[in-house]
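**Q** What follows is run_24.txt, compact mmCIF, C-alpha atoms and all ligand atoms.
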# COMPACT_ATOMS: atom_id res chain seq x y z
CA MET A 1215 100.03 -40.32 108.62
CA SER A 1216 103.64 -41.50 109.17
CA SER A 1217 105.02 -41.21 112.68
CA ARG A 1218 107.67 -38.74 111.44
CA ARG A 1219 105.01 -36.42 110.00
CA ARG A 1220 102.92 -36.82 113.13
CA SER A 1221 105.81 -35.84 115.38
CA ALA A 1222 106.64 -32.79 113.18
CA ARG A 1223 103.00 -31.76 113.53
CA ASP A 1224 103.06 -32.30 117.31
CA ARG A 1225 106.20 -30.19 117.58
CA ALA A 1226 104.59 -27.36 115.56
CA ARG A 1227 101.55 -27.56 117.80
CA ARG A 1228 103.65 -27.11 120.89
CA GLU A 1229 106.09 -24.53 119.55
CA LEU A 1230 103.45 -22.43 117.80
CA GLY A 1231 100.79 -22.71 120.51
CA GLN A 1232 98.39 -24.42 118.12
CA ASN A 1233 95.35 -24.84 120.35
CA PHE A 1234 92.51 -24.53 117.88
CA LEU A 1235 89.07 -23.31 118.85
CA VAL A 1236 86.43 -25.98 118.48
CA ASP A 1237 83.57 -24.22 120.28
CA ARG A 1238 81.54 -22.25 117.73
CA GLY A 1239 79.81 -20.35 120.51
CA VAL A 1240 83.17 -18.92 121.60
CA VAL A 1241 84.05 -18.07 118.00
CA ARG A 1242 80.78 -16.15 117.61
CA ARG A 1243 81.33 -14.37 120.93
CA LEU A 1244 84.76 -13.18 119.77
CA VAL A 1245 83.46 -11.88 116.45
CA ASP A 1246 80.40 -10.28 118.07
CA LEU A 1247 82.71 -8.32 120.36
CA LEU A 1248 83.99 -6.36 117.37
CA GLU A 1249 82.08 -3.16 116.69
CA PRO A 1250 79.50 -3.66 113.93
CA ALA A 1251 81.16 -0.86 111.91
CA PRO A 1252 82.62 -2.67 108.93
CA LEU A 1253 86.30 -1.95 109.56
CA PRO A 1254 88.79 -4.24 107.87
CA VAL A 1255 90.08 -6.86 110.31
CA VAL A 1256 93.55 -8.31 110.84
CA GLU A 1257 93.39 -11.80 112.31
CA LEU A 1258 96.55 -12.85 114.14
CA GLY A 1259 97.31 -16.59 114.02
CA ALA A 1260 94.42 -17.63 111.79
CA GLY A 1261 95.44 -21.33 111.83
CA SER A 1262 92.63 -23.64 110.74
CA GLY A 1263 90.32 -20.69 110.04
CA ALA A 1264 87.63 -21.12 112.71
CA ILE A 1265 87.48 -17.38 113.42
CA THR A 1266 88.32 -16.43 109.83
CA ARG A 1267 85.23 -18.23 108.54
CA GLU A 1268 82.94 -16.39 110.95
CA LEU A 1269 84.56 -13.05 110.11
CA LEU A 1270 84.07 -13.64 106.40
CA HIS A 1271 80.45 -14.71 106.97
CA SER A 1272 79.85 -11.43 108.75
CA GLY A 1273 80.92 -9.67 105.54
CA ARG A 1274 84.21 -8.28 106.79
CA GLN A 1275 87.38 -7.75 104.83
CA VAL A 1276 89.99 -9.94 106.51
CA THR A 1277 93.77 -10.19 106.41
CA ALA A 1278 94.92 -13.45 107.99
CA VAL A 1279 98.41 -13.64 109.50
CA GLU A 1280 99.81 -17.14 109.99
CA LEU A 1281 103.37 -18.38 110.45
CA ASP A 1282 102.90 -22.11 109.84
CA PRO A 1283 103.24 -22.67 106.05
CA ARG A 1284 100.83 -25.62 106.12
CA TRP A 1285 98.06 -23.67 107.76
CA ALA A 1286 98.75 -20.62 105.58
CA GLN A 1287 98.26 -22.81 102.50
CA HIS A 1288 95.14 -24.36 104.02
CA LEU A 1289 93.68 -20.85 104.50
CA ARG A 1290 94.44 -19.91 100.89
CA ASP A 1291 92.77 -23.08 99.65
CA ALA A 1292 89.73 -22.80 101.91
CA PHE A 1293 89.08 -19.08 101.38
CA PRO A 1294 90.20 -18.00 97.89
CA ASP A 1295 89.28 -14.34 98.48
CA LEU A 1296 91.12 -14.09 101.78
CA SER A 1297 94.35 -12.15 102.00
CA VAL A 1298 96.84 -14.46 103.75
CA ILE A 1299 100.20 -13.16 104.96
CA ARG A 1300 102.61 -15.86 106.02
CA CYS A 1301 104.83 -14.23 108.59
CA ASP A 1302 105.59 -13.90 112.27
CA MET A 1303 102.87 -11.76 113.82
CA LEU A 1304 105.61 -9.96 115.78
CA ASP A 1305 107.05 -8.70 112.46
CA PHE A 1306 103.77 -8.10 110.64
CA ARG A 1307 103.39 -4.62 109.17
CA PHE A 1308 99.95 -3.49 110.24
CA PRO A 1309 97.82 -1.59 107.71
CA THR A 1310 98.13 2.16 107.58
CA ALA A 1311 94.31 2.56 107.35
CA GLU A 1312 92.07 2.18 110.41
CA HIS A 1313 91.31 -1.46 111.20
CA ALA A 1314 90.36 -3.90 113.96
CA VAL A 1315 92.43 -6.81 115.28
CA ILE A 1316 91.27 -10.21 116.45
CA GLY A 1317 93.15 -13.38 117.41
CA ASN A 1318 93.23 -16.54 119.42
CA LEU A 1319 96.86 -15.93 120.33
CA PRO A 1320 99.53 -18.58 120.90
CA PHE A 1321 99.68 -18.47 124.70
CA GLY A 1322 103.51 -18.45 124.75
CA ILE A 1323 103.79 -15.02 123.09
CA THR A 1324 100.74 -13.12 124.37
CA THR A 1325 102.78 -10.53 126.28
CA SER A 1326 105.11 -9.80 123.35
CA VAL A 1327 102.15 -9.55 120.97
CA THR A 1328 100.23 -7.25 123.32
CA ARG A 1329 103.27 -5.00 123.74
CA ARG A 1330 103.75 -4.90 119.99
CA LEU A 1331 100.09 -4.06 119.39
CA LEU A 1332 100.13 -1.22 121.89
CA THR A 1333 102.85 0.54 119.90
CA GLU A 1334 100.83 0.31 116.67
CA LYS A 1335 98.83 3.40 115.75
CA ASN A 1336 96.09 2.42 113.31
CA TRP A 1337 93.83 -0.15 114.95
CA SER A 1338 90.88 1.02 116.99
CA GLU A 1339 89.91 -2.19 118.83
CA ALA A 1340 91.47 -5.59 119.48
CA VAL A 1341 89.68 -8.74 120.65
CA LEU A 1342 92.25 -11.20 121.93
CA LEU A 1343 91.87 -14.69 123.32
CA VAL A 1344 94.70 -15.13 125.82
CA GLN A 1345 95.30 -17.06 129.06
CA TRP A 1346 92.57 -16.32 131.59
CA ASP A 1347 95.08 -14.99 134.13
CA VAL A 1348 96.48 -12.56 131.59
CA ALA A 1349 93.02 -11.30 130.55
CA ARG A 1350 92.06 -10.83 134.21
CA LYS A 1351 95.30 -9.09 135.14
CA ARG A 1352 95.15 -6.69 132.20
CA ALA A 1353 91.52 -5.79 132.91
CA GLU A 1354 92.07 -5.31 136.66
CA GLY A 1355 94.99 -2.92 136.15
CA GLY A 1356 97.65 -2.72 138.84
CA THR A 1357 100.62 -3.47 136.58
CA GLN A 1358 103.22 -1.13 135.19
CA LEU A 1359 102.18 -2.06 131.66
CA ASN A 1360 98.55 -1.08 132.33
CA ALA A 1361 99.55 2.19 133.94
CA GLN A 1362 101.95 3.03 131.10
CA TRP A 1363 99.28 2.57 128.45
CA ALA A 1364 96.18 3.77 130.33
CA PRO A 1365 96.11 7.24 128.69
CA TRP A 1366 95.58 5.68 125.26
CA TYR A 1367 93.79 2.36 125.83
CA GLU A 1368 91.01 0.77 127.87
CA PHE A 1369 91.31 -2.91 128.77
CA HIS A 1370 88.23 -5.08 129.45
CA SER A 1371 87.92 -8.73 130.32
CA CYS A 1372 84.99 -10.29 128.43
CA GLY A 1373 84.81 -13.67 130.12
CA ARG A 1374 86.55 -16.96 130.63
CA VAL A 1375 86.93 -19.63 127.94
CA PRO A 1376 87.26 -23.16 129.34
CA ALA A 1377 90.24 -25.25 128.21
CA ARG A 1378 87.76 -27.77 126.73
CA SER A 1379 86.92 -25.20 124.01
CA PHE A 1380 90.32 -25.88 122.35
CA ARG A 1381 91.95 -28.86 120.60
CA PRO A 1382 94.38 -29.92 121.78
CA ARG A 1383 93.33 -28.81 125.22
CA PRO A 1384 95.72 -26.27 126.79
CA ALA A 1385 96.88 -26.58 130.40
CA VAL A 1386 94.94 -23.46 131.46
CA ASP A 1387 91.64 -21.75 130.60
CA GLY A 1388 91.55 -18.89 128.14
CA GLY A 1389 90.07 -15.44 128.64
CA ILE A 1390 88.83 -12.79 126.25
CA LEU A 1391 90.57 -9.45 126.46
CA LYS A 1392 89.15 -6.48 124.62
CA VAL A 1393 91.41 -3.48 124.15
CA ARG A 1394 89.93 -0.25 122.87
CA ARG A 1395 91.88 2.79 121.78
CA ARG A 1396 90.58 5.90 123.50
CA THR A 1397 89.16 8.41 121.08
CA ARG A 1398 90.34 11.18 123.45
CA PRO A 1399 93.74 10.33 124.95
CA LEU A 1400 94.20 11.25 128.61
CA VAL A 1401 97.79 12.40 127.87
CA PRO A 1402 98.86 13.84 124.50
CA LEU A 1403 100.62 11.30 122.28
CA GLY A 1404 103.61 13.65 122.02
CA GLU A 1405 104.24 13.10 125.76
CA GLN A 1406 104.11 9.31 125.60
CA ARG A 1407 107.79 8.69 126.33
CA ARG A 1408 107.94 11.21 129.15
CA TYR A 1409 104.74 9.85 130.71
CA GLN A 1410 105.92 6.24 130.46
CA ARG A 1411 109.27 7.13 132.02
CA PHE A 1412 107.40 8.82 134.87
CA VAL A 1413 105.28 5.68 135.48
CA GLU A 1414 108.39 3.49 135.41
CA ALA A 1415 110.16 5.80 137.85
CA VAL A 1416 107.23 5.57 140.29
CA PHE A 1417 106.90 1.79 140.00
CA THR A 1418 110.61 1.28 140.62
CA GLY A 1419 111.19 4.28 142.90
CA ARG A 1420 112.45 4.26 146.47
CA GLY A 1421 110.22 5.09 149.37
CA ARG A 1422 107.79 3.64 151.87
CA GLY A 1423 104.64 3.68 149.79
CA LEU A 1424 103.32 5.72 146.89
CA THR A 1425 103.11 9.08 148.69
CA GLU A 1426 106.79 8.95 149.64
CA ILE A 1427 107.90 7.69 146.22
CA VAL A 1428 106.03 10.52 144.47
CA ARG A 1429 107.54 13.05 146.87
CA ASN A 1430 111.06 11.69 146.27
CA ILE A 1431 110.65 11.83 142.50
CA THR A 1432 108.70 15.03 141.99
CA GLY A 1433 108.94 17.00 145.21
CA HIS A 1434 105.13 17.07 145.44
CA ARG A 1435 103.42 16.07 148.68
CA LEU A 1436 100.09 14.61 147.59
CA ARG A 1437 97.39 13.43 149.97
CA ASN A 1438 94.92 10.64 149.46
CA LEU A 1439 97.14 8.42 147.38
CA PRO A 1440 96.69 4.67 147.87
CA ALA A 1441 99.40 2.66 149.60
CA LEU A 1442 101.33 1.30 146.62
CA PRO A 1443 101.77 2.07 142.90
CA ARG A 1444 99.84 -1.07 142.01
CA ASP A 1445 96.82 0.21 143.98
CA LEU A 1446 96.40 3.31 141.83
CA PRO A 1447 93.64 2.71 139.22
CA PRO A 1448 94.83 3.00 135.58
CA GLU A 1449 92.82 6.17 134.89
CA ALA A 1450 94.36 7.90 137.94
CA TRP A 1451 97.91 7.68 136.55
CA PRO A 1452 97.45 10.41 133.92
CA ARG A 1453 96.06 12.68 136.68
CA LEU A 1454 99.04 11.96 138.91
CA TYR A 1455 101.38 12.71 136.01
CA THR A 1456 99.62 15.97 135.16
CA GLU A 1457 99.54 17.13 138.78
CA THR A 1458 103.20 16.45 139.48
CA THR A 1459 105.14 17.20 136.30
C1 LIG A 1501 95.91 -20.68 119.27
S1 LIG A 1501 96.12 -21.01 117.57
C2 LIG A 1501 94.67 -20.22 116.90
C3 LIG A 1501 94.24 -20.81 115.58
C4 LIG A 1501 92.85 -20.37 115.09
N1 LIG A 1501 92.77 -18.93 114.95
C5 LIG A 1501 91.79 -20.82 116.06
O1 LIG A 1501 91.27 -19.97 116.80
O2 LIG A 1501 91.50 -22.01 116.10
C6 LIG A 1501 97.44 -19.87 117.22
C7 LIG A 1501 97.82 -19.81 115.75
O3 LIG A 1501 98.89 -18.87 115.61
C8 LIG A 1501 99.90 -19.43 114.76
N2 LIG A 1501 101.17 -18.82 115.21
C9 LIG A 1501 101.94 -19.18 116.25
N3 LIG A 1501 102.97 -18.34 116.41
C10 LIG A 1501 102.83 -17.42 115.42
C11 LIG A 1501 103.58 -16.27 115.06
N4 LIG A 1501 104.67 -15.91 115.74
N5 LIG A 1501 103.15 -15.53 114.01
C12 LIG A 1501 102.05 -15.90 113.31
N6 LIG A 1501 101.29 -16.97 113.61
C13 LIG A 1501 101.69 -17.73 114.65
C14 LIG A 1501 99.84 -20.92 114.99
O4 LIG A 1501 100.40 -21.63 113.93
C15 LIG A 1501 98.32 -21.11 115.16
O5 LIG A 1501 97.73 -21.33 113.92
Take the structure in this file and express it as structure tokens.
Ligand SMILES: C[S@@+](CC[C@H](N)C(=O)[O-])C[C@H]1O[C@@H](n2cnc3c(N)ncnc32)[C@H](O)[C@@H]1O

**A**
Amino acid sequence: MSSRRRSARDRARRELGQNFLVDRGVVRRLVDLLEPAPLPVVELGAGSGAITRELLHSGRQVTAVELDPRWAQHLRDAFPDLSVIRCDMLDFRFPTAEHAVIGNLPFGITTSVTRRLLTEKNWSEAVLLVQWDVARKRAEGGTQLNAQWAPWYEFHSCGRVPARSFRPRPAVDGGILKVRRRTRPLVPLGEQRRYQRFVEAVFTGRGRGLTEIVRNITGHRLRNLPALPRDLPPEAWPRLYTETT
């Protein structure tokens, strides 16, 4: 390969977070985390097709989303029956029928992709390979984002993926994050905006600790609240909202 082509490829690798999975055990773990129900699957950032191949072997109907034209063409050539959409996953129009989502995400855009996914209505579960710190933080709760989405989603960390499982090797380990849509929302969908504004107001509100913030915002004096907003478990936020609004 000429040095010019090599440097274009290196630049794409960096800019598009192209850290490909080379550990088949991790690939199988990701696919096994999807429910066995044969829902169609959208794979975000299919790249060289390591996960795609396993998904197709398991008999699933797959739509592969890939921005890099070279890898999109590679996917079309390698899997003639695969539906390949070459576009930015942040602009992808998700199917209107129920589906699952999977992806070894480019680490640089995991937060934007997660935020985008959470606003989509038709997927029931998402298995995402992200930075280990992100997977851990999402699963532990304690952030405004977790609290704002807790009525509709559950977040689970499904283990760490060592940096040696990727080529090229990223600077940090990966982690598997599974997000499941709740079948019974803890707050009606019609109140989503109001609920999320309430959570934001509490996280950014004035006061010495959660009890005082809640009193300042709602007028309610609640006992037994933890010290700070970040200490309130995700599932307790809908209760706090219901009790005070
Ligand atoms: C971490 S790699 C994963 C590749 C493959 N799925 C695997 O596990 O080996 C991320 C993939 O997402 C693609 N990608 C990066 N940014 C993207 C974007 N905004 N939209 C769609 N695909 C993107 C990259 O080209 C790359 O193929």

**Q** One number please: CA of Ile1427 in chain A to CA of Tyr1455 in chain A, in Å, one decimal.

**A**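 CA of Tyr1455 in chain A lies 13.1 Å from CA of Ile1427 in chain A.
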
**Q** Using all atoms listed in the file, which of the listed residues (A:Leu1454, A:Ala1260, A:Ala1441, A:Leu1235) sits closest to Arg1284 in chain A?

**A**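 Using all atoms listed in the file, Arg1284 in chain A sits closest to A:Ala1260.
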
**Q** Could you give me, as a PDB file with C-alpha atoms, in the coordinates of the input, every polymer residue with an atom at most 6 Å away from an atom of ligand LIG 1501 (chain A), counting only C-alpha atoms and all ligand atoms?

**A**
ATOM      1  CA  LEU A1230     103.450 -22.430 117.800  1.00  0.00           C
ATOM      2  CA  GLY A1231     100.790 -22.710 120.510  1.00  0.00           C
ATOM      3  CA  GLN A1232      98.390 -24.420 118.120  1.00  0.00           C
ATOM      4  CA  ASN A1233      95.350 -24.840 120.350  1.00  0.00           C
ATOM      5  CA  PHE A1234      92.510 -24.530 117.880  1.00  0.00           C
ATOM      6  CA  LEU A1235      89.070 -23.310 118.850  1.00  0.00           C
ATOM      7  CA  GLY A1259      97.310 -16.590 114.020  1.00  0.00           C
ATOM      8  CA  ALA A1260      94.420 -17.630 111.790  1.00  0.00           C
ATOM      9  CA  GLY A1261      95.440 -21.330 111.830  1.00  0.00           C
ATOM     10  CA  SER A1262      92.630 -23.640 110.740  1.00  0.00           C
ATOM     11  CA  GLY A1263      90.320 -20.690 110.040  1.00  0.00           C
ATOM     12  CA  ALA A1264      87.630 -21.120 112.710  1.00  0.00           C
ATOM     13  CA  ILE A1265      87.480 -17.380 113.420  1.00  0.00           C
ATOM     14  CA  VAL A1279      98.410 -13.640 109.500  1.00  0.00           C
ATOM     15  CA  GLU A1280      99.810 -17.140 109.990  1.00  0.00           C
ATOM     16  CA  LEU A1281     103.370 -18.380 110.450  1.00  0.00           C
ATOM     17  CA  ASP A1282     102.900 -22.110 109.840  1.00  0.00           C
ATOM     18  CA  CYS A1301     104.830 -14.230 108.590  1.00  0.00           C
ATOM     19  CA  ASP A1302     105.590 -13.900 112.270  1.00  0.00           C
ATOM     20  CA  MET A1303     102.870 -11.760 113.820  1.00  0.00           C
ATOM     21  CA  ASN A1318      93.230 -16.540 119.420  1.00  0.00           C
ATOM     22  CA  LEU A1319      96.860 -15.930 120.330  1.00  0.00           C
ATOM     23  CA  PRO A1320      99.530 -18.580 120.900  1.00  0.00           C
TER      24      PRO A1320
END

**Q** Which residues are close to Arg1398 in chain A, i.e. within 12 Å by all atoms listed in the file, leaving aside same-chain residues fewer than 2 positions away? Reply as a ChimeraX atom specification.

**A** /A:1364-1368,1394-1396,1400-1403

**Q** Just to confirm, what's the straight-line distance from CA of Lys1392 in chain A to CA of Arg1329 in chain A in Å (one decimal)?

**A**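 Interatomic distance, CA of Lys1392 in chain A to CA of Arg1329 in chain A: 14.2 Å.
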
**Q** With 10 Å as the threshold, what does the neighbourhood of (111.4, 9.5, 145.0) contain in terms of residues, counting all atoms listed in the file? Coordinates are those of the file; answer as a ChimeraX atom specification.

**A** /A:1415-1416,1418-1422,1424-1434

**Q** List as a list in words the protein and nucleic acid residues near Lys1351 in chain A, meaning an atom at most 12 Å away when all atoms listed in the file are counted, but skip any in the same chain fewer than 5 places from it.

**A**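 Final neighbour list, sorted by chain and number: Thr1325, Val1344, Gln1345, Trp1346, Gly1356, Thr1357, Gln1358, Leu1359, Asn1360, Phe1369, His1370, Ser1371, Gly1389, Ile1390, Leu1391 and Arg1444 of chain A.
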
**Q** Could you write out as JSON the box around range 1285-1304 of chain A (axis-aligned, all atoms listed in the file, 5 Å on each side), with centre and edge lengths in Å to one decimal?

**A**
{"center_x": 97.3, "center_y": -17.2, "center_z": 106.8, "size_x": 26.5, "size_y": 24.4, "size_z": 27.9}

**Q** Pick from A:Arg1352, A:Arg1274, A:Arg1411, A:Arg1378: nearest to Val1240 in chain A, with all atoms listed in the file counted?

**A**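 For Val1240 in chain A, the nearest of the candidates is A:Arg1378.
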
**Q** One decimal, in Å: what's the spacing between CA of Gly1317 in chain A and CA of Val1256 in chain A?

**A**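 Here the two named atoms are 8.3 Å from each other.
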
**Q** Pick from A:Ala1349, A:Ala1450, A:Val1276, A:Leu1296: nearest to Gly1388 in chain A, with only C-alpha atoms counted?

**A**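 Once distances to Gly1388 in chain A are computed over only C-alpha atoms, the minimum belongs to A:Ala1349.
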
**Q** So which one's closest to Thr1333 in chain A, A:Gln1406, A:Pro1443, A:Arg1290, A:Ala1353? Using only C-alpha atoms, please.

**A** A:Gln1406

**Q** So, counting all atoms listed in the file, which residue among A:Asp1387, A:Glu1414, A:Asp1305, A:Glu1249 is closest to Leu1331 in chain A?

**A**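 Checking each candidate against Leu1331 in chain A, we get A:Asp1305 as the closest.
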
**Q** Rank A:Gly1322, A:Gly1423, A:Pro1250, A:Pro1294 by their smallest atom-to-atom distance to Leu1439 in chain A, using only C-alpha atoms, and report the top residue only.

**A** A:Gly1423

**Q** Give me, as JSON lines, the closest atom pair and its distance (Å, one decimal) for every residue of range 1331-1429 of chain A within a cut-off of 12 Å of range 1223-1228 of chain A, counting only C-alpha atoms, rows sorted by chain and rising number.

**A**
{"residue": "A:Arg1381", "atom": "CA", "partner": "A:Arg1227", "partner_atom": "CA", "distance": 10.1}
{"residue": "A:Pro1382", "atom": "CA", "partner": "A:Arg1227", "partner_atom": "CA", "distance": 8.5}
{"residue": "A:Arg1383", "atom": "CA", "partner": "A:Arg1227", "partner_atom": "CA", "distance": 11.1}
{"residue": "A:Pro1384", "atom": "CA", "partner": "A:Arg1228", "partner_atom": "CA", "distance": 9.9}
{"residue": "A:Ala1385", "atom": "CA", "partner": "A:Arg1228", "partner_atom": "CA", "distance": 11.7}
